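As stored in final-v1.cif (mmCIF, C-alpha atoms):
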```cif
data_data
loop_
_atom_site.label_atom_id
_atom_site.label_comp_id
_atom_site.auth_asym_id
_atom_site.auth_seq_id
_atom_site.Cartn_x
_atom_site.Cartn_y
_atom_site.Cartn_z
CA MET A 1 13.52 -41.42 -13.26
CA THR A 2 13.68 -43.52 -10.08
CA HIS A 3 11.23 -42.52 -7.37
CA PRO A 4 12.77 -41.05 -4.16
CA PHE A 5 11.59 -44.07 -2.15
CA LEU A 6 13.83 -46.27 -4.27
CA LEU A 7 16.77 -43.96 -4.91
CA ARG A 8 20.01 -45.62 -3.79
CA ALA A 9 18.03 -48.37 -2.09
CA ALA A 10 21.07 -50.60 -1.97
CA ALA A 11 23.06 -47.96 -0.14
CA LEU A 12 20.75 -48.06 2.86
CA ALA A 13 18.91 -51.37 3.07
CA LEU A 14 20.10 -54.18 0.89
CA GLY A 15 17.27 -56.63 0.68
CA ALA A 16 15.18 -55.08 3.43
CA THR A 17 11.90 -57.00 3.23
CA LEU A 18 9.70 -57.15 6.33
CA LEU A 19 7.50 -60.09 7.21
CA ALA A 20 3.86 -59.17 7.12
CA GLY A 21 3.30 -61.19 10.29
CA GLY A 22 5.81 -59.54 12.63
CA PRO A 23 8.60 -57.00 13.17
CA VAL A 24 11.46 -59.38 12.48
CA ALA A 25 12.32 -59.59 8.81
CA ARG A 26 12.81 -62.88 7.03
CA ALA A 27 16.45 -63.40 6.11
CA GLN A 28 17.03 -63.86 2.41
CA GLN A 29 17.66 -67.47 1.50
CA PRO A 30 18.38 -68.71 -2.00
CA ALA A 31 15.24 -70.32 -3.34
CA PRO A 32 15.58 -73.96 -4.39
CA ARG A 33 16.05 -74.38 -8.12
CA VAL A 34 12.90 -76.36 -8.63
CA ALA A 35 9.61 -75.67 -10.34
CA THR A 36 7.72 -72.98 -8.43
CA GLN A 37 4.04 -72.73 -7.79
CA SER A 38 2.08 -69.79 -9.11
CA ALA A 39 1.95 -68.31 -5.57
CA ASP A 40 5.67 -67.56 -5.87
CA TYR A 41 8.10 -67.78 -8.71
CA ILE A 42 11.51 -66.56 -9.80
CA VAL A 43 11.39 -63.20 -11.57
CA ALA A 44 15.16 -62.76 -12.04
CA VAL A 45 18.44 -64.63 -11.64
CA VAL A 46 21.36 -62.34 -10.67
CA ASN A 47 24.74 -64.07 -10.73
CA ASN A 48 24.05 -66.92 -8.27
CA GLU A 49 21.16 -65.17 -6.47
CA LEU A 50 17.43 -65.25 -7.11
CA VAL A 51 14.78 -62.53 -6.96
CA THR A 52 11.31 -63.91 -6.33
CA GLN A 53 7.81 -62.57 -6.83
CA VAL A 54 7.15 -62.73 -3.08
CA GLU A 55 10.10 -60.39 -2.45
CA VAL A 56 8.78 -57.94 -5.02
CA GLU A 57 5.33 -57.95 -3.40
CA GLN A 58 6.80 -57.55 0.10
CA ARG A 59 8.93 -54.60 -1.01
CA LEU A 60 5.93 -53.00 -2.75
CA ALA A 61 3.82 -53.38 0.38
CA ARG A 62 6.52 -51.79 2.51
CA ILE A 63 6.98 -48.82 0.16
CA ARG A 64 3.24 -48.21 -0.02
CA ALA A 65 2.97 -48.33 3.77
CA ASP A 66 5.85 -45.85 4.12
CA ALA A 67 4.24 -43.56 1.55
CA GLN A 68 0.91 -43.70 3.33
CA ARG A 69 2.51 -42.75 6.65
CA SER A 70 4.49 -39.86 5.16
CA GLY A 71 1.88 -38.66 2.65
CA ALA A 72 4.32 -39.09 -0.24
CA ARG A 73 3.02 -39.66 -3.77
CA LEU A 74 4.10 -42.78 -5.62
CA PRO A 75 4.36 -43.40 -9.36
CA PRO A 76 1.79 -45.57 -11.18
CA ASP A 77 1.76 -49.24 -10.12
CA ASP A 78 3.49 -50.55 -13.27
CA GLU A 79 6.32 -48.03 -12.93
CA LEU A 80 6.64 -48.63 -9.18
CA ARG A 81 6.85 -52.39 -9.74
CA ARG A 82 9.54 -51.90 -12.40
CA GLN A 83 11.57 -49.69 -10.05
CA VAL A 84 11.26 -52.17 -7.19
CA LEU A 85 12.47 -55.03 -9.37
CA ASN A 86 15.41 -52.94 -10.57
CA ALA A 87 16.28 -52.06 -6.95
CA LEU A 88 16.24 -55.73 -5.91
CA ILE A 89 18.45 -56.66 -8.86
CA GLU A 90 20.84 -53.86 -7.96
CA GLU A 91 21.03 -55.10 -4.39
CA ARG A 92 21.88 -58.64 -5.53
CA VAL A 93 24.57 -57.32 -7.87
CA ILE A 94 26.23 -55.35 -5.05
CA VAL A 95 25.98 -58.17 -2.50
CA THR A 96 27.54 -60.75 -4.81
CA TYR A 97 30.33 -58.33 -5.71
CA ALA A 98 30.95 -57.58 -2.00
CA ARG A 99 31.28 -61.29 -1.20
CA ASP A 100 33.98 -61.62 -3.86
CA SER A 101 35.83 -58.45 -2.78
CA GLY A 102 38.10 -60.12 -0.22
CA MET A 103 36.92 -57.84 2.61
CA ARG A 104 36.05 -59.40 5.95
CA VAL A 105 33.74 -58.63 8.89
CA ASP A 106 34.98 -59.74 12.31
CA GLU A 107 32.75 -61.69 14.67
CA PRO A 108 32.48 -59.02 17.44
CA GLU A 109 31.16 -56.52 14.90
CA LEU A 110 28.67 -59.07 13.63
CA ASP A 111 27.61 -59.87 17.21
CA ARG A 112 26.95 -56.17 17.81
CA ALA A 113 24.82 -55.96 14.65
CA VAL A 114 22.75 -58.96 15.81
CA ALA A 115 22.31 -57.37 19.25
CA ASN A 116 21.04 -54.19 17.61
CA VAL A 117 18.51 -56.12 15.53
CA ALA A 118 17.26 -57.78 18.73
CA ALA A 119 17.09 -54.47 20.62
CA MET A 120 15.20 -52.76 17.80
CA ASN A 121 12.63 -55.53 17.96
CA LYS A 122 12.54 -55.23 21.79
CA LEU A 123 14.00 -58.72 22.20
CA THR A 124 17.06 -60.28 23.76
CA VAL A 125 19.41 -62.10 21.40
CA GLU A 126 18.12 -65.40 22.77
CA ARG A 127 14.50 -64.38 22.13
CA LEU A 128 15.45 -63.22 18.64
CA GLN A 129 16.89 -66.65 17.88
CA GLN A 130 13.69 -68.26 19.15
CA ARG A 131 11.58 -65.94 16.98
CA LEU A 132 13.67 -66.73 13.91
CA ARG A 133 13.33 -70.46 14.52
CA ALA A 134 9.57 -70.10 14.92
CA GLU A 135 9.44 -68.30 11.56
CA GLY A 136 11.58 -70.92 9.86
CA VAL A 137 14.65 -68.69 9.48
CA ASP A 138 18.04 -70.35 9.91
CA TYR A 139 20.12 -68.33 12.40
CA ALA A 140 23.41 -68.99 10.61
CA ARG A 141 21.84 -67.70 7.39
CA PHE A 142 20.50 -64.69 9.29
CA ARG A 143 24.03 -63.80 10.44
CA ALA A 144 25.40 -64.37 6.94
CA ASN A 145 22.87 -61.88 5.55
CA LEU A 146 23.90 -59.27 8.11
CA ARG A 147 27.54 -59.88 7.15
CA ASP A 148 26.57 -59.28 3.51
CA GLN A 149 25.02 -55.92 4.39
CA ILE A 150 28.16 -54.70 6.19
CA LEU A 151 30.42 -55.96 3.41
CA ALA A 152 28.29 -54.30 0.76
CA GLU A 153 28.46 -50.95 2.53
CA ARG A 154 32.24 -51.14 2.93
CA VAL A 155 32.94 -52.18 -0.62
CA ARG A 156 30.57 -49.52 -1.94
CA GLU A 157 32.41 -46.80 -0.05
CA ARG A 158 35.83 -48.09 -1.09
CA GLU A 159 34.99 -48.54 -4.76
CA VAL A 160 33.03 -45.34 -5.26
CA VAL A 161 35.43 -43.05 -3.40
CA SER A 162 38.36 -44.47 -5.38
CA ARG A 163 36.64 -43.38 -8.61
CA ILE A 164 36.18 -39.74 -7.62
CA ARG A 165 38.77 -37.27 -8.88
CA VAL A 166 38.94 -33.64 -7.77
CA THR A 167 41.47 -31.49 -9.64
CA ASP A 168 43.49 -28.58 -8.26
CA ALA A 169 41.74 -26.36 -10.80
CA GLU A 170 38.35 -27.28 -9.32
CA VAL A 171 39.61 -26.51 -5.81
CA ASP A 172 41.04 -23.16 -6.95
CA ALA A 173 37.79 -22.19 -8.64
CA THR A 174 35.71 -23.08 -5.57
CA LEU A 175 38.02 -21.15 -3.25
CA ALA A 176 37.80 -18.11 -5.52
CA GLN A 177 34.01 -18.32 -5.54
CA ARG A 178 33.92 -18.56 -1.75
CA GLN A 179 36.27 -15.63 -1.33
CA ALA A 180 34.23 -13.49 -3.69
CA LYS A 181 31.02 -14.41 -1.92
CA LEU A 182 32.19 -14.23 1.68
CA GLY A 183 35.17 -11.96 1.94
CA ALA A 184 34.58 -11.18 5.57
CA SER A 185 31.15 -12.58 6.43
CA THR A 186 29.01 -11.94 9.48
CA GLU A 187 28.38 -14.65 12.04
CA LEU A 188 25.20 -14.35 14.08
CA ASN A 189 24.07 -16.07 17.24
CA ILE A 190 20.29 -15.87 17.46
CA ALA A 191 17.85 -17.23 20.00
CA GLN A 192 14.23 -17.83 19.10
CA ILE A 193 10.88 -18.54 20.69
CA LEU A 194 8.64 -20.44 18.28
CA VAL A 195 4.87 -20.62 18.52
CA SER A 196 4.04 -23.22 15.91
CA VAL A 197 1.13 -23.01 13.47
CA PRO A 198 -0.25 -26.28 12.06
CA GLU A 199 -0.35 -26.72 8.30
CA SER A 200 -3.65 -25.63 6.73
CA ALA A 201 -4.60 -23.86 9.97
CA SER A 202 -7.70 -21.67 9.85
CA ALA A 203 -7.43 -17.88 10.08
CA ASP A 204 -8.73 -18.06 13.65
CA VAL A 205 -5.97 -20.49 14.68
CA VAL A 206 -3.29 -18.35 12.99
CA ALA A 207 -4.57 -15.28 14.82
CA GLU A 208 -4.70 -17.14 18.14
CA ARG A 209 -1.09 -18.32 17.74
CA ARG A 210 0.01 -14.79 16.82
CA ALA A 211 -1.60 -13.52 20.01
CA ARG A 212 0.49 -16.06 21.97
CA ALA A 213 3.66 -14.75 20.32
CA GLN A 214 2.60 -11.16 21.04
CA ALA A 215 2.10 -12.11 24.70
CA VAL A 216 5.69 -13.42 24.71
CA ILE A 217 6.94 -10.03 23.53
CA GLN A 218 4.98 -8.31 26.29
CA ARG A 219 6.63 -10.56 28.87
CA LEU A 220 10.07 -9.71 27.45
CA ARG A 221 9.29 -6.00 27.53
CA ALA A 222 8.31 -6.41 31.16
CA GLY A 223 11.83 -7.66 31.85
CA GLU A 224 11.47 -11.45 31.94
CA PRO A 225 14.66 -13.25 30.77
CA PHE A 226 14.42 -14.47 27.18
CA ASP A 227 15.88 -17.89 27.99
CA ARG A 228 13.34 -18.52 30.77
CA VAL A 229 10.40 -17.58 28.55
CA ALA A 230 11.82 -19.77 25.75
CA ARG A 231 11.97 -22.80 28.05
CA GLU A 232 8.36 -22.25 29.08
CA VAL A 233 6.79 -21.35 25.73
CA SER A 234 8.93 -22.23 22.73
CA GLU A 235 8.04 -25.25 20.60
CA ASP A 236 11.37 -25.74 18.83
CA ALA A 237 14.26 -28.15 19.44
CA ASN A 238 16.42 -25.48 21.16
CA ARG A 239 13.98 -24.61 23.94
CA GLU A 240 16.07 -26.33 26.66
CA LYS A 241 18.99 -24.10 25.63
CA GLY A 242 16.89 -21.00 26.09
CA GLY A 243 16.11 -20.93 22.37
CA GLU A 244 19.76 -20.39 21.39
CA ILE A 245 20.44 -21.58 17.85
CA GLY A 246 24.22 -21.19 18.13
CA PRO A 247 26.75 -19.09 16.17
CA LYS A 248 26.32 -19.46 12.41
CA PRO A 249 27.42 -17.53 9.31
CA GLU A 250 24.59 -15.47 7.81
CA GLU A 251 24.45 -17.67 4.72
CA ARG A 252 23.56 -20.70 6.85
CA LEU A 253 20.61 -18.98 8.51
CA PRO A 254 17.14 -18.39 7.03
CA ASP A 255 17.05 -15.10 5.10
CA LEU A 256 13.95 -14.21 7.12
CA PHE A 257 15.96 -14.36 10.35
CA VAL A 258 18.94 -12.46 8.96
CA GLU A 259 16.78 -9.59 7.72
CA ALA A 260 14.80 -9.47 10.97
CA VAL A 261 17.85 -9.04 13.24
CA LYS A 262 19.73 -6.57 11.02
CA PRO A 263 18.29 -3.51 12.81
CA LEU A 264 18.74 -5.07 16.27
CA ALA A 265 21.53 -4.25 18.67
CA VAL A 266 23.14 -7.19 20.44
CA GLY A 267 20.78 -8.16 23.25
CA GLY A 268 17.74 -6.78 21.44
CA PHE A 269 14.65 -8.76 20.48
CA SER A 270 12.10 -8.41 17.70
CA ALA A 271 9.32 -5.88 18.28
CA GLU A 272 6.72 -7.94 16.42
CA PRO A 273 6.23 -11.68 15.83
CA LEU A 274 7.84 -12.97 12.62
CA ARG A 275 5.80 -15.33 10.44
CA SER A 276 7.33 -18.35 8.66
CA GLY A 277 6.03 -21.68 7.40
CA ALA A 278 6.67 -23.14 10.87
CA GLY A 279 4.72 -20.51 12.79
CA TRP A 280 5.39 -17.27 14.66
CA HIS A 281 8.94 -16.44 15.82
CA VAL A 282 10.26 -14.02 18.41
CA LEU A 283 14.00 -13.49 17.87
CA LYS A 284 16.80 -12.17 20.07
CA LEU A 285 20.26 -11.26 18.79
CA LEU A 286 22.82 -12.75 21.18
CA SER A 287 25.99 -11.83 19.27
CA ARG A 288 27.25 -10.51 15.94
CA SER A 289 30.85 -10.99 14.77
CA GLU A 290 32.88 -10.82 11.59
CA THR A 291 34.53 -13.98 10.34
CA SER A 292 36.82 -14.68 7.42
CA MET A 293 38.15 -17.65 5.52
CA ALA A 294 41.24 -17.51 7.75
CA THR A 295 39.29 -19.04 10.65
CA VAL A 296 36.96 -21.99 10.91
CA THR A 297 34.55 -23.34 13.51
CA GLN A 298 35.53 -26.87 14.48
CA THR A 299 33.12 -29.22 16.22
CA ARG A 300 33.78 -32.20 18.44
CA ALA A 301 30.84 -34.59 18.32
CA ARG A 302 29.82 -38.12 19.21
CA HIS A 303 27.48 -40.35 17.27
CA ILE A 304 25.66 -43.66 17.41
CA LEU A 305 25.33 -45.39 14.04
CA LEU A 306 22.79 -48.09 13.21
CA ARG A 307 22.98 -49.68 9.78
CA PRO A 308 19.72 -50.65 8.03
CA SER A 309 19.85 -54.19 6.74
CA ALA A 310 17.80 -57.09 5.47
CA THR A 311 16.36 -57.41 8.96
CA VAL A 312 16.15 -53.76 10.07
CA SER A 313 14.62 -50.99 7.97
CA ALA A 314 15.87 -47.41 8.17
CA GLU A 315 12.55 -46.58 9.81
CA ALA A 316 13.05 -49.22 12.52
CA ALA A 317 16.61 -48.01 13.15
CA GLY A 318 15.25 -44.48 13.49
CA ARG A 319 12.67 -45.60 16.05
CA ARG A 320 15.36 -47.34 18.08
CA LEU A 321 17.52 -44.20 18.03
CA VAL A 322 14.54 -42.13 19.22
CA GLU A 323 14.35 -44.45 22.24
CA LEU A 324 18.08 -44.05 22.90
CA ARG A 325 17.79 -40.27 22.55
CA GLU A 326 15.03 -40.19 25.17
CA GLN A 327 17.28 -42.10 27.58
CA VAL A 328 20.04 -39.49 27.11
CA VAL A 329 17.77 -36.43 27.30
CA SER A 330 16.03 -37.75 30.42
CA GLY A 331 19.38 -38.41 32.11
CA GLN A 332 18.86 -42.17 32.38
CA ARG A 333 21.95 -43.05 30.33
CA ARG A 334 25.05 -41.28 29.06
CA PHE A 335 25.38 -40.89 25.31
CA GLU A 336 28.89 -42.35 25.26
CA ASP A 337 27.78 -45.47 27.15
CA LEU A 338 24.97 -46.11 24.67
CA ALA A 339 27.43 -45.60 21.80
CA ARG A 340 29.78 -48.23 23.23
CA GLN A 341 26.88 -50.65 23.59
CA PHE A 342 24.97 -50.12 20.36
CA SER A 343 26.90 -48.16 17.72
CA GLU A 344 27.92 -50.09 14.61
CA ASP A 345 30.77 -47.71 13.82
CA GLY A 346 34.49 -47.92 14.48
CA SER A 347 34.15 -45.07 16.99
CA ALA A 348 31.99 -47.22 19.31
CA ALA A 349 34.90 -48.19 21.58
CA ALA A 350 35.60 -44.47 22.16
CA GLY A 351 31.98 -43.78 23.09
CA GLY A 352 31.20 -42.60 19.58
CA ASP A 353 33.74 -39.74 19.82
CA LEU A 354 34.59 -38.43 16.33
CA GLY A 355 37.25 -35.97 17.48
CA TRP A 356 37.60 -32.38 16.27
CA ALA A 357 36.27 -31.87 12.76
CA SER A 358 36.26 -28.91 10.39
CA PRO A 359 33.42 -28.17 7.95
CA GLY A 360 33.53 -30.62 5.04
CA ASN A 361 34.81 -33.58 7.06
CA PHE A 362 31.43 -35.32 7.17
CA VAL A 363 28.71 -36.07 4.64
CA PRO A 364 26.38 -33.05 4.16
CA GLU A 365 23.29 -34.45 5.91
CA PHE A 366 25.36 -35.36 9.00
CA GLU A 367 27.19 -32.03 9.03
CA GLU A 368 24.04 -29.96 8.59
CA ALA A 369 22.32 -31.70 11.49
CA MET A 370 25.43 -31.35 13.66
CA ALA A 371 25.73 -27.63 12.86
CA ARG A 372 22.16 -26.99 14.03
CA LEU A 373 22.77 -28.52 17.48
CA PRO A 374 23.66 -26.44 20.53
CA LEU A 375 26.43 -27.61 22.84
CA GLY A 376 25.28 -30.81 24.52
CA GLY A 377 22.36 -31.11 22.15
CA VAL A 378 21.26 -34.48 20.79
CA SER A 379 19.85 -34.70 17.28
CA ALA A 380 16.83 -36.54 15.99
CA PRO A 381 17.80 -39.61 13.88
CA ILE A 382 19.69 -38.54 10.74
CA VAL A 383 19.88 -40.74 7.63
CA SER A 384 23.06 -40.76 5.55
CA ARG A 385 24.51 -43.25 3.10
CA PHE A 386 26.25 -44.95 6.04
CA GLY A 387 23.03 -45.61 7.95
CA VAL A 388 21.04 -43.78 10.64
CA HIS A 389 22.86 -41.58 13.15
CA LEU A 390 22.21 -40.01 16.53
CA ILE A 391 24.55 -37.04 17.08
CA GLN A 392 25.64 -35.19 20.20
CA VAL A 393 27.76 -32.02 20.06
CA VAL A 394 30.39 -31.97 22.80
CA GLU A 395 32.47 -28.84 22.09
CA ARG A 396 33.05 -26.11 19.50
CA ARG A 397 36.02 -23.88 18.91
CA GLN A 398 37.12 -21.17 16.49
CA VAL A 399 40.60 -21.88 15.12
CA PRO A 400 42.86 -20.41 12.46
CA ILE A 401 42.75 -22.52 9.35
CA ASP A 402 45.89 -23.50 7.52
CA PRO A 403 45.73 -22.90 3.74
CA LYS A 404 46.46 -26.60 3.13
CA GLU A 405 43.65 -27.60 5.50
CA LEU A 406 41.31 -25.18 3.74
CA ARG A 407 42.12 -26.73 0.37
CA GLU A 408 41.55 -30.22 1.76
CA GLN A 409 38.23 -29.08 3.24
CA VAL A 410 37.12 -27.82 -0.17
CA ARG A 411 38.38 -30.99 -1.83
CA ASN A 412 36.28 -33.10 0.58
CA THR A 413 33.19 -31.03 -0.19
CA LEU A 414 33.69 -31.41 -3.95
CA ARG A 415 34.34 -35.13 -3.54
CA GLU A 416 31.07 -35.52 -1.67
CA GLN A 417 29.19 -33.64 -4.40
CA LYS A 418 30.48 -36.18 -6.91
CA PHE A 419 29.57 -39.25 -4.87
CA ASP A 420 26.06 -39.84 -6.24
CA PRO A 421 27.05 -39.73 -9.94
CA ALA A 422 30.08 -41.95 -9.21
CA TYR A 423 27.87 -44.39 -7.34
CA ALA A 424 25.41 -44.56 -10.25
CA ASP A 425 28.27 -45.21 -12.71
CA TRP A 426 29.72 -47.93 -10.48
CA VAL A 427 26.41 -49.75 -10.13
CA ALA A 428 25.81 -49.49 -13.89
CA GLU A 429 29.20 -51.13 -14.54
CA LEU A 430 28.51 -53.89 -12.01
CA ARG A 431 25.18 -54.60 -13.67
CA ALA A 432 26.79 -54.66 -17.11
CA ARG A 433 29.27 -57.30 -15.92
CA ALA A 434 26.74 -59.37 -13.96
CA TYR A 435 24.75 -62.32 -15.22
CA ILE A 436 21.11 -61.18 -15.13
CA GLU A 437 18.34 -63.37 -16.48
CA MET A 438 14.74 -62.15 -16.38
CA ARG A 439 12.06 -64.83 -15.99
CA GLU A 440 8.48 -64.78 -17.21
CA PRO A 441 5.64 -65.61 -14.80
CA PRO A 442 4.59 -69.27 -14.98
CA GLN A 443 1.56 -70.05 -17.09
CA ALA A 444 -1.61 -70.66 -15.10
CA LEU A 445 -2.76 -74.27 -15.19
#
```
Could you quickly redo this structure as structure tokens?
Amino acid sequence: MTHPFLLRAAALALGATLLAGGPVARAQQPAPRVATQSADYIVAVVNNELVTQVEVEQRLARIRADAQRSGARLPPDDELRRQVLNALIEERVIVTYARDSGMRVDEPELDRAVANVAAMNKLTVERLQQRLRAEGVDYARFRANLRDQILAERVREREVVSRIRVTDAEVDATLAQRQAKLGASTELNIAQILVSVPESASADVVAERRARAQAVIQRLRAGEPFDRVAREVSEDANREKGGEIGPKPEERLPDLFVEAVKPLAVGGFSAEPLRSGAGWHVLKLLSRSETSMATVTQTRARHILLRPSATVSAEAAGRRLVELREQVVSGQRRFEDLARQFSEDGSAAAGGDLGWASPGNFVPEFEEAMARLPLGGVSAPIVSRFGVHLIQVVERRQVPIDPKELREQVRNTLREQKFDPAYADWVAELRARAYIEMREPPQAL
């Protein structure tokens, strides 16, 4: 089984190998077909591309560093090395196929990708070119590698989606299951004040944090507005919105929250702090309403998309989006202006505006993050198979849903559930058709 660090590596960062000596990654360049020294050698030939030992070691170093930062556990060294080599081979297979696909990337889009690489390394484009020259990286080759990344993503999406089939019988069965489960479901709008508790906190710390939450309840009983106390005390992402989570069906809220607000009247708040893995919660029920499958909550959102590449890791893209988020939250820049300047998505010209969307229109990780945001809220960086996103919710509305639209919504959800298996099958077929030659390490002199 492939380790999570390597799963679908090609879908996010084809050939992403950072230089040990600096933040700018070395662009992949075909190694000369001459005898190699023992310091570096060819470990695999994939179609007309080479995978070298230095690349394997660089990728291993990067994965180990990521694991150390996140506390993740890695497989044994031999297994990790095997998975890294397989991931590099897979990337070469996809890139070579993408080049032959007939798809094209226009120059303005490529210019924007280069500008994003420079910005993520805190450089101008001119300074980036100087840095590349100093590191012996040909700028034309650098741009060609970025073009490969964009092509690979597009061809992957086209080829994999075209393989997925969702039958009417599957849609009917899913609709029946939803109807049986939901019928008329309850939608709750809850606000919370969170007093966080660190992991592995001592009993004294847990008790001290509970006392803080109890003090919050005393302030509320004394008549202080919940939203004002939330802005002062709460440690969750919704504090600036007075702790409001936003209207959500019961099934999309933590069971702990749903059970806690059941006895509350609208406007009421919890009498005692509620303990979860995150800490102590004080909840207020803002609204309770019945919904059915005949209506749907649509969301209008904007996003900024950065695509990881051979020169920009997903982590680096995330750091850049954190910087952009801070500019929006602090009021320095407007989200839509940053989207026009930096987003690598077709919506960039419209300020990242994605229009009105019903549930099921976006990939699950994007949709889940968007659903958690209050109006005007800006997400943390979100990773999907398209890259790394920053999301802002502009508007929401409750609209009647046409039966045809409902079926299409379900079809989209089922199609997304089948994407990973279809992707794996596609890559397996590409590898079966590719020329792959494994090389032995050179004998020591």
Using only C-alpha atoms, determine which residues lie at most 10 Å from Val197 in chain A, disregarding the query and same-chain residues fewer than 6 positions distant; provide the list as a PyMOL selection string.
-> chain A and resi 205-210+275-280
Selection result for the PyMOL selection byres ((chain A and resi 153) around 12) on this file, as a VMD selection string = chain A and resid 8 to 14 91 94 to 95 97 to 99 101 103 to 105 146 to 152 154 to 160 307 to 309 345 384 to 387 423
Which distance in Å separates CA of Val383 in chain A and CA of Ser200 in chain A, to one decimal?
->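 One can read the CA of Val383 in chain A to CA of Ser200 in chain A distance as 28.0 Å.
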Counting only C-alpha atoms, the option among A:Ala230, A:Leu305, A:Val84, A:Leu253 closest to Arg62 in chain A |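 Between A:Ala230, A:Leu305, A:Val84, A:Leu253, the residue approaching Arg62 in chain A most closely is A:Val84.
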Spell out the residues picked by the PyMOL selection byres ((chain A and resi 81) around 12) here, as a PyMOL selection string.
-> chain A and resi 2-3+6+43+53+55-61+63-64+74-80+82-88
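Interatomic distance, CA of Gly376 in chain A to CA of Thr299 in chain A: 11.5 Å.
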Residues within 8 Å of Met370 in chain A, only C-alpha atoms, excluding chain neighbours under 6 positions, as a count of residues only | 5
Nearest to Ser330 in chain A: which of A:Val378, A:Met120, A:Ala422, A:Ala428 is it, counting only C-alpha atoms?
->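 Using only C-alpha atoms, the shortest distance to Ser330 in chain A belongs to A:Val378.
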Name all residues at most 7 Å from Gly351 in chain A (count all atoms listed in the file; drop same-chain ones fewer than 6 positions away) and give them as number ranges by chain.
-> A: 336-337, 339-340
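Counting from CA of Gly267 in chain A, the distance to CA of Ala369 in chain A is 26.4 Å.
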Leaving out Lys404 in chain A and any residue of its chain fewer than 3 positions from it, which residues lie within 12 Å of it when counting all atoms listed in the file, given as a PyMOL selection string?
-> chain A and resi 168+171-172+175+294+400-401+407-411
Take the PyMOL selection byres ((chain A and resi 414) around 10), apply it to the structure above, and return the hits as number ranges by chain.
-> A: 164-167, 170-171, 174, 360, 408-413, 415-419
Polymer residues at most 10 Å from (35.2, -24.8, 22.3) by all atoms listed in the file, as a PyMOL selection string | chain A and resi 297-300+356+375+394-399
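A distance cut-off of 8 Å around (8.3, -18.2, 21.0), counting all atoms listed in the file, selects these protein and nucleic acid residues: Gln192, Ile193, Leu194, Val195, Ala213, Val216, Val229, Ala230, Val233, Ser234, Glu235, Trp280, His281 and Val282 of chain A.
Nearest to Glu187 in chain A of all the residues A:Gly102, A:Gly136, A:Pro247, A:Gly242 is A:Pro247, based on only C-alpha atoms.
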Restricting to all atoms listed in the file, whichever of A:Ala113, A:Arg431, A:Lys284, A:Val261 is closest to Asp227 in chain A is A:Lys284
